[in-house]
Amino acid sequence: MRLPAVFLVALVLPLAACNKPAQEPAKPGEPTVAQASEQHEEAAMSSHDPNSYAEPEKVVITHVALDLNVDFAKKVLAGSNTVDLDWKDPAATTLVLDTRDLDIAKVEGFDAGAWTPLKFELADKDKIYGSKLTITLPKQMAKVKITYASRPEASGLQWLTPAMTLGKKTPFMFSQSEAIHARSWVPLQDTPGVRFTYEAHITTPKDVMALMSADNDPKAERDGDYSFKMPQPIPSYLLAISAGDLVFAPVGERAGVWAEPAMAPKAAKEFEDTEKMITTAESLYGPYRWGRYDILVLPPSFPYGGMENPRLTFATPTVIAGDKSLVSLIAHELAHSWSGNLVTNSSWKDMWLNEGFTSYVESRITEAVYGRELADMEAVIEQHGLIEDMKQIPEKWQKLAQDPLVGVDPDDASSQVSYIKGKWFLSFLEERYGRETFDAFLRKWFDSHAFTSQDSAEFERFLRAELIDKNPGKTTHEEIHEWMHGAGLPKTAKPATSTRLDAVDEARTHWLAGHMKPSDIDTSAWMTQEWVRFIEGLPQTLTEAQLAELDAAWHFTGTANVEIAQRWYPLTVRSNYLAARPAIESYLIHIGRRKLIMPTYGALVATPDGKAFAEKVFAKAKPGYHPITIASVEAAIAAGNAKPL
Ligand SMILES: [Zn+2]
């Protein structure tokens, strides 16, 4: 169901819907009605999304039509964006768009069957939010076309030379628009509070395949000329493009994998349970509403694990472990088809509505497809990570419902709090209300808010009306308030438990006490999560002999399992175990996923010798890193530590 646009705006801008003050003469010193209403407008504006210059209370983009050429030699996308406009304020004649590092050639308006040039002004660049583009119209027009080009340094695009790909023959490019990077390749209202449908005409060199977060045809001819349609309204951060030597491998009726030819069969095997995951999620939360669900496997430089671009999840190849132990990433990105893509946080302060809900739904899919034991192990490891990270996260960002992120880069405010504390809250509700009641409640949240953008206040209202009031006596107001608005962990946060991980803890304790050798521990059936737990429970530092003993038994140094490497290498750095340095260098050069490499950089930059090594390795790795990863590593080197992601 798609709600009428006017309803969307009313939901996005709750203050704008307030009653205006009654007309009465102003007392001396008090604002007049006009002034009061102006202040009211300002309050309404600041109430939506401080991370965007757009003014959706005046005019809203309802459709985007891109016509872009992918120029690998220049590393730019060049062409035009034509936006359909829905004017909300009868007096408004300016359109404000978000841009960052875009060269704007011209702006035209469509009226009476013809395009006419429009005046525009590009403001100086703000370090966080980019350049505000103000377009002045002689009157309200239905369409505006912006002719522009991105720049090679676009924060939301990465350009890879053929040498940086698996096949070594064809260049590769991809976008990462979340949180506020769409503005670096498309001028638009870059806020999750605005949704639009889109279409695109993309041209590339003839031997390159282009894909978007839209209707990719598995049988599309590779000819350098592609057209896309996304009929469901999406927020700007879900706009996505990729181009390279990409082939398709089916994994089910509705699902498939796009990857470089050498990677496609391996990826299709690893992700063969995708169709099962879709039907599991549908049985819990209602129909999958996006048509196909395909997975694009990106090069190892992708800075994230996955990105839930609708119809086409972008995924890191680092989760292809060969034993499906890391495919909960796909469960996570698929879960976003309900939480995030269907019901979206209306600004980034409420990111937990996307990520906490998704982490919860992910665990339900994992449990149904792979069993409770795996879901429990993951919960224990995630909670441990959250508690560790929270030691470094400022109190103001430990809340689920955050204050407006004024003057803040939403990427900086994002942490495991929105993911894992959010999931923990929903698990708490599930426990108190019972699975059956809670599942029905969650499904209703998705159904009744489908294709809209929402904030924490609306969730709190819905929670009260649909769960708490209908099932009295299960939770108190104070408990809910503490979860949503308190820093740290609430008193009612019950830790997850796993008997398999308890056994790992016991084995580690015996080894540390010298009662057991590694060979005495039966690891034959251990999954990635058990190895992770073993390493995470070790002391901050070990002796060289201890590290060498573990290496001799289990070959952690040089491991192909990135979840093990992510934890093992920082331990070796803290312990000054230099034998691991060559493997660390190779690892940091070949992988650009931030979660996997930032802990090692963080450990290295804490000492002068480690920092010198980190700088040397970074110089070699940088040409292959994504702009987002480069920014994180540079910040860590400058600060002498890495902030939690
Ligand atoms: Zn997510």
# chains A, B, ... in the order shown; residues from 1 in each chain; ligands from 1

call {"tool": "residues_near_ligand", "arguments": {"ligand": "ligand 1", "cutoff": "7 Å", "atoms": "only C-alpha atoms and all ligand atoms", "output": "PyMOL selection string"}}
result
chain A and resi 307-308+332-333+336+354-355+358

call {"tool": "residues_around", "arguments": {"residues": "range 634-636 of chain A", "least_positions_apart": "4", "cutoff": "8 Å", "atoms": "only C-alpha atoms", "output": "PyMOL selection string"}}
result
chain A and resi 601-602+605+630+640-643

call {"tool": "write_last_selection", "arguments": {"atoms": "N, CA, C and O atoms", "output": "PDB file, in the first residue's frame"}}
result
ATOM      1  N   TYR A 601      44.127  -1.202  12.894  1.00  0.00           N
ATOM      2  CA  TYR A 601      44.717   0.145  12.811  1.00  0.00           C
ATOM      3  C   TYR A 601      44.686   0.813  14.192  1.00  0.00           C
ATOM      4  O   TYR A 601      45.644   1.462  14.606  1.00  0.00           O
ATOM      5  N   GLY A 602      43.566   0.662  14.902  1.00  0.00           N
ATOM      6  CA  GLY A 602      43.425   1.286  16.223  1.00  0.00           C
ATOM      7  C   GLY A 602      44.509   0.807  17.176  1.00  0.00           C
ATOM      8  O   GLY A 602      45.106   1.595  17.920  1.00  0.00           O
ATOM      9  N   VAL A 605      48.124   2.267  15.957  1.00  0.00           N
ATOM     10  CA  VAL A 605      48.442   3.691  16.130  1.00  0.00           C
ATOM     11  C   VAL A 605      48.618   4.098  17.600  1.00  0.00           C
ATOM     12  O   VAL A 605      48.967   5.237  17.883  1.00  0.00           O
ATOM     13  N   ILE A 630      39.227   5.459   3.767  1.00  0.00           N
ATOM     14  CA  ILE A 630      40.388   6.365   3.849  1.00  0.00           C
ATOM     15  C   ILE A 630      40.159   7.389   4.968  1.00  0.00           C
ATOM     16  O   ILE A 630      41.040   7.625   5.797  1.00  0.00           O
ATOM     17  N   GLY A 640      45.340   8.755  17.183  1.00  0.00           N
ATOM     18  CA  GLY A 640      46.060   7.763  17.972  1.00  0.00           C
ATOM     19  C   GLY A 640      45.151   6.666  18.518  1.00  0.00           C
ATOM     20  O   GLY A 640      45.534   5.891  19.385  1.00  0.00           O
ATOM     21  N   ASN A 641      43.934   6.593  18.009  1.00  0.00           N
ATOM     22  CA  ASN A 641      43.044   5.462  18.322  1.00  0.00           C
ATOM     23  C   ASN A 641      41.918   5.415  17.294  1.00  0.00           C
ATOM     24  O   ASN A 641      41.731   6.364  16.546  1.00  0.00           O
ATOM     25  N   ALA A 642      41.197   4.287  17.265  1.00  0.00           N
ATOM     26  CA  ALA A 642      40.087   4.156  16.321  1.00  0.00           C
ATOM     27  C   ALA A 642      38.792   4.143  17.096  1.00  0.00           C
ATOM     28  O   ALA A 642      38.648   3.382  18.052  1.00  0.00           O
ATOM     29  N   LYS A 643      37.848   4.994  16.676  1.00  0.00           N
ATOM     30  CA  LYS A 643      36.569   5.013  17.399  1.00  0.00           C
ATOM     31  C   LYS A 643      35.746   3.796  16.984  1.00  0.00           C
ATOM     32  O   LYS A 643      35.897   3.297  15.877  1.00  0.00           O
TER      33      LYS A 643
END

call {"tool": "closest_residue", "arguments": {"among": "A:Leu489, A:Ala267, A:Met209, A:Ile564", "to": "Glu388 in chain A", "atoms": "only C-alpha atoms"}}
result
A:Leu489

call {"tool": "select_by_dssp", "arguments": {"residues": "range 122-350 of chain A", "states": "strand (DSSP E or B)", "output": "JSON, numbers by chain"}}
result
{"A": [122, 126, 130, 131, 132, 133, 134, 135, 136, 143, 144, 145, 146, 147, 148, 149, 157, 158, 159, 160, 172, 173, 174, 175, 188, 195, 196, 197, 198, 199, 200, 201, 202, 203, 209, 210, 211, 212, 225, 226, 227, 228, 229, 230, 231, 232, 233, 234, 235, 241, 242, 243, 244, 247, 248, 249, 250, 255, 256, 257, 258, 259, 293, 294, 295, 296, 297, 306, 307, 312, 313, 314, 315, 339, 343, 344, 345]}

call {"tool": "residues_around", "arguments": {"residues": "Lys143 in chain A", "least_positions_apart": "6", "cutoff": "10 Å", "atoms": "only C-alpha atoms", "output": "ChimeraX atom specification"}}
result
/A:61,63-64,82-86,108-111,115

call {"tool": "write_last_selection", "arguments": {"atoms": "N, CA and C atoms", "output": "PDB file, in the first residue's frame"}}
result
ATOM      1  N   ILE A  61      10.346  16.234  -3.800  1.00  0.00           N
ATOM      2  CA  ILE A  61      10.641  15.477  -5.026  1.00  0.00           C
ATOM      3  C   ILE A  61       9.841  14.177  -4.977  1.00  0.00           C
ATOM      4  N   HIS A  63       9.665  12.101  -7.967  1.00  0.00           N
ATOM      5  CA  HIS A  63      10.246  11.187  -8.952  1.00  0.00           C
ATOM      6  C   HIS A  63      11.573  11.745  -9.436  1.00  0.00           C
ATOM      7  N   VAL A  64      12.536  10.842  -9.630  1.00  0.00           N
ATOM      8  CA  VAL A  64      13.866  11.217 -10.109  1.00  0.00           C
ATOM      9  C   VAL A  64      14.094  10.488 -11.432  1.00  0.00           C
ATOM     10  N   THR A  82      16.378  14.844 -13.690  1.00  0.00           N
ATOM     11  CA  THR A  82      15.122  15.584 -13.837  1.00  0.00           C
ATOM     12  C   THR A  82      14.197  15.156 -12.707  1.00  0.00           C
ATOM     13  N   VAL A  83      13.778  16.128 -11.893  1.00  0.00           N
ATOM     14  CA  VAL A  83      12.945  15.779 -10.736  1.00  0.00           C
ATOM     15  C   VAL A  83      11.515  16.260 -10.939  1.00  0.00           C
ATOM     16  N   ASP A  84      10.559  15.418 -10.551  1.00  0.00           N
ATOM     17  CA  ASP A  84       9.152  15.832 -10.506  1.00  0.00           C
ATOM     18  C   ASP A  84       8.894  16.446  -9.141  1.00  0.00           C
ATOM     19  N   LEU A  85       8.164  17.546  -9.111  1.00  0.00           N
ATOM     20  CA  LEU A  85       7.979  18.272  -7.852  1.00  0.00           C
ATOM     21  C   LEU A  85       6.517  18.306  -7.420  1.00  0.00           C
ATOM     22  N   ASP A  86       6.331  18.156  -6.118  1.00  0.00           N
ATOM     23  CA  ASP A  86       4.995  18.322  -5.528  1.00  0.00           C
ATOM     24  C   ASP A  86       5.094  19.504  -4.559  1.00  0.00           C
ATOM     25  N   GLU A 108      17.236  23.862 -15.522  1.00  0.00           N
ATOM     26  CA  GLU A 108      16.099  24.297 -16.349  1.00  0.00           C
ATOM     27  C   GLU A 108      14.795  23.894 -15.686  1.00  0.00           C
ATOM     28  N   GLY A 109      13.744  24.652 -15.977  1.00  0.00           N
ATOM     29  CA  GLY A 109      12.408  24.326 -15.471  1.00  0.00           C
ATOM     30  C   GLY A 109      11.482  24.015 -16.634  1.00  0.00           C
ATOM     31  N   PHE A 110      10.524  23.117 -16.387  1.00  0.00           N
ATOM     32  CA  PHE A 110       9.607  22.720 -17.461  1.00  0.00           C
ATOM     33  C   PHE A 110       8.260  23.386 -17.240  1.00  0.00           C
ATOM     34  N   ASP A 111       7.835  24.157 -18.227  1.00  0.00           N
ATOM     35  CA  ASP A 111       6.555  24.852 -18.108  1.00  0.00           C
ATOM     36  C   ASP A 111       5.972  25.083 -19.500  1.00  0.00           C
ATOM     37  N   TRP A 115      11.346  23.789 -21.935  1.00  0.00           N
ATOM     38  CA  TRP A 115      12.352  23.962 -20.883  1.00  0.00           C
ATOM     39  C   TRP A 115      12.890  25.374 -20.942  1.00  0.00           C
TER      40      TRP A 115
END

call {"tool": "decode", "arguments": {"residues": "range 493-529 of chain A", "atoms": "N, CA, C and O atoms", "output": "tab-separated table (two decimals), in the first residue's frame"}}
result
chain	number	residue	atom	x	y	z
A	493	ALA	N	17.90	-5.34	30.87
A	493	ALA	CA	18.60	-6.00	29.75
A	493	ALA	C	19.17	-7.33	30.21
A	493	ALA	O	20.13	-7.38	30.97
A	494	LYS	N	18.55	-8.40	29.76
A	494	LYS	CA	18.99	-9.74	30.18
A	494	LYS	C	20.00	-10.26	29.16
A	494	LYS	O	19.69	-10.32	27.98
A	495	PRO	N	21.22	-10.63	29.62
A	495	PRO	CA	22.22	-11.08	28.66
A	495	PRO	C	21.80	-12.37	27.95
A	495	PRO	O	21.18	-13.25	28.56
A	496	ALA	N	22.16	-12.47	26.67
A	496	ALA	CA	21.93	-13.71	25.93
A	496	ALA	C	22.89	-14.78	26.45
A	496	ALA	O	23.94	-14.46	27.00
A	497	THR	N	22.51	-16.05	26.29
A	497	THR	CA	23.39	-17.13	26.73
A	497	THR	C	23.51	-18.18	25.63
A	497	THR	O	22.62	-18.31	24.79
A	498	SER	N	24.64	-18.89	25.66
A	498	SER	CA	24.86	-19.95	24.68
A	498	SER	C	25.69	-21.04	25.32
A	498	SER	O	26.80	-20.78	25.80
A	499	THR	N	25.17	-22.25	25.37
A	499	THR	CA	25.92	-23.34	26.01
A	499	THR	C	27.18	-23.66	25.21
A	499	THR	O	28.22	-23.99	25.79
A	500	ARG	N	27.10	-23.51	23.89
A	500	ARG	CA	28.30	-23.80	23.08
A	500	ARG	C	29.40	-22.81	23.39
A	500	ARG	O	30.58	-23.18	23.46
A	501	LEU	N	29.04	-21.55	23.60
A	501	LEU	CA	30.08	-20.56	23.93
A	501	LEU	C	30.55	-20.71	25.37
A	501	LEU	O	31.71	-20.41	25.68
A	502	ASP	N	29.67	-21.19	26.25
A	502	ASP	CA	30.12	-21.47	27.63
A	502	ASP	C	31.24	-22.51	27.61
A	502	ASP	O	32.22	-22.42	28.36
A	503	ALA	N	31.08	-23.50	26.74
A	503	ALA	CA	32.11	-24.55	26.64
A	503	ALA	C	33.43	-23.97	26.13
A	503	ALA	O	34.52	-24.37	26.57
A	504	VAL	N	33.34	-23.00	25.21
A	504	VAL	CA	34.54	-22.34	24.70
A	504	VAL	C	35.24	-21.58	25.84
A	504	VAL	O	36.46	-21.65	26.01
A	505	ASP	N	34.43	-20.88	26.66
A	505	ASP	CA	35.00	-20.12	27.79
A	505	ASP	C	35.76	-21.06	28.73
A	505	ASP	O	36.84	-20.73	29.22
A	506	GLU	N	35.17	-22.23	28.95
A	506	GLU	CA	35.79	-23.19	29.86
A	506	GLU	C	37.12	-23.67	29.30
A	506	GLU	O	38.13	-23.73	30.02
A	507	ALA	N	37.12	-23.99	28.01
A	507	ALA	CA	38.35	-24.47	27.37
A	507	ALA	C	39.45	-23.41	27.46
A	507	ALA	O	40.60	-23.71	27.78
A	508	ARG	N	39.07	-22.15	27.20
A	508	ARG	CA	40.05	-21.07	27.24
A	508	ARG	C	40.64	-20.92	28.64
A	508	ARG	O	41.85	-20.74	28.83
A	509	THR	N	39.76	-20.98	29.64
A	509	THR	CA	40.22	-20.86	31.02
A	509	THR	C	41.25	-21.94	31.35
A	509	THR	O	42.29	-21.67	31.95
A	510	HIS	N	40.96	-23.18	30.93
A	510	HIS	CA	41.90	-24.28	31.19
A	510	HIS	C	43.23	-24.05	30.49
A	510	HIS	O	44.29	-24.30	31.05
A	511	TRP	N	43.16	-23.55	29.25
A	511	TRP	CA	44.42	-23.32	28.51
A	511	TRP	C	45.23	-22.21	29.19
A	511	TRP	O	46.43	-22.35	29.39
A	512	LEU	N	44.57	-21.13	29.57
A	512	LEU	CA	45.28	-20.02	30.20
A	512	LEU	C	45.92	-20.46	31.53
A	512	LEU	O	46.98	-19.98	31.90
A	513	ALA	N	45.26	-21.38	32.22
A	513	ALA	CA	45.77	-21.85	33.51
A	513	ALA	C	46.85	-22.91	33.32
A	513	ALA	O	47.44	-23.39	34.30
A	514	GLY	N	47.10	-23.28	32.06
A	514	GLY	CA	48.13	-24.28	31.79
A	514	GLY	C	47.66	-25.72	32.02
A	514	GLY	O	48.46	-26.65	32.05
A	515	HIS	N	46.34	-25.91	32.16
A	515	HIS	CA	45.81	-27.26	32.40
A	515	HIS	C	45.55	-28.03	31.12
A	515	HIS	O	45.29	-29.22	31.13
A	516	MET	N	45.53	-27.30	30.00
A	516	MET	CA	45.20	-27.94	28.72
A	516	MET	C	46.08	-27.38	27.64
A	516	MET	O	46.45	-26.21	27.67
A	517	LYS	N	46.39	-28.22	26.67
A	517	LYS	CA	47.09	-27.74	25.47
A	517	LYS	C	46.03	-27.50	24.40
A	517	LYS	O	44.95	-28.10	24.46
A	518	PRO	N	46.35	-26.66	23.41
A	518	PRO	CA	45.36	-26.47	22.33
A	518	PRO	C	44.89	-27.81	21.74
A	518	PRO	O	43.70	-27.96	21.44
A	519	SER	N	45.82	-28.76	21.63
A	519	SER	CA	45.43	-30.04	21.01
A	519	SER	C	44.45	-30.83	21.89
A	519	SER	O	43.80	-31.76	21.42
A	520	ASP	N	44.36	-30.46	23.18
A	520	ASP	CA	43.39	-31.15	24.06
A	520	ASP	C	41.96	-30.63	23.86
A	520	ASP	O	41.01	-31.21	24.38
A	521	ILE	N	41.83	-29.51	23.19
A	521	ILE	CA	40.50	-28.91	23.01
A	521	ILE	C	39.89	-29.44	21.72
A	521	ILE	O	40.52	-29.38	20.65
A	522	ASP	N	38.69	-29.96	21.81
A	522	ASP	CA	38.04	-30.51	20.61
A	522	ASP	C	37.38	-29.38	19.82
A	522	ASP	O	36.30	-28.91	20.17
A	523	THR	N	38.06	-28.96	18.78
A	523	THR	CA	37.54	-27.85	17.97
A	523	THR	C	36.97	-28.34	16.64
A	523	THR	O	36.68	-27.53	15.77
A	524	SER	N	36.82	-29.65	16.51
A	524	SER	CA	36.46	-30.20	15.19
A	524	SER	C	35.13	-29.65	14.67
A	524	SER	O	34.95	-29.51	13.47
A	525	ALA	N	34.21	-29.33	15.58
A	525	ALA	CA	32.90	-28.84	15.11
A	525	ALA	C	32.73	-27.33	15.34
A	525	ALA	O	31.63	-26.80	15.23
A	526	TRP	N	33.82	-26.65	15.69
A	526	TRP	CA	33.69	-25.22	15.98
A	526	TRP	C	33.31	-24.42	14.74
A	526	TRP	O	33.85	-24.63	13.66
A	527	MET	N	32.42	-23.50	14.95
A	527	MET	CA	32.07	-22.56	13.88
A	527	MET	C	32.82	-21.26	14.12
A	527	MET	O	33.41	-21.06	15.19
A	528	THR	N	32.75	-20.36	13.17
A	528	THR	CA	33.44	-19.07	13.28
A	528	THR	C	33.16	-18.41	14.63
A	528	THR	O	34.04	-17.88	15.28
A	529	GLN	N	31.89	-18.47	15.06
A	529	GLN	CA	31.48	-17.78	16.29
A	529	GLN	C	32.25	-18.33	17.50
A	529	GLN	O	32.56	-17.57	18.44
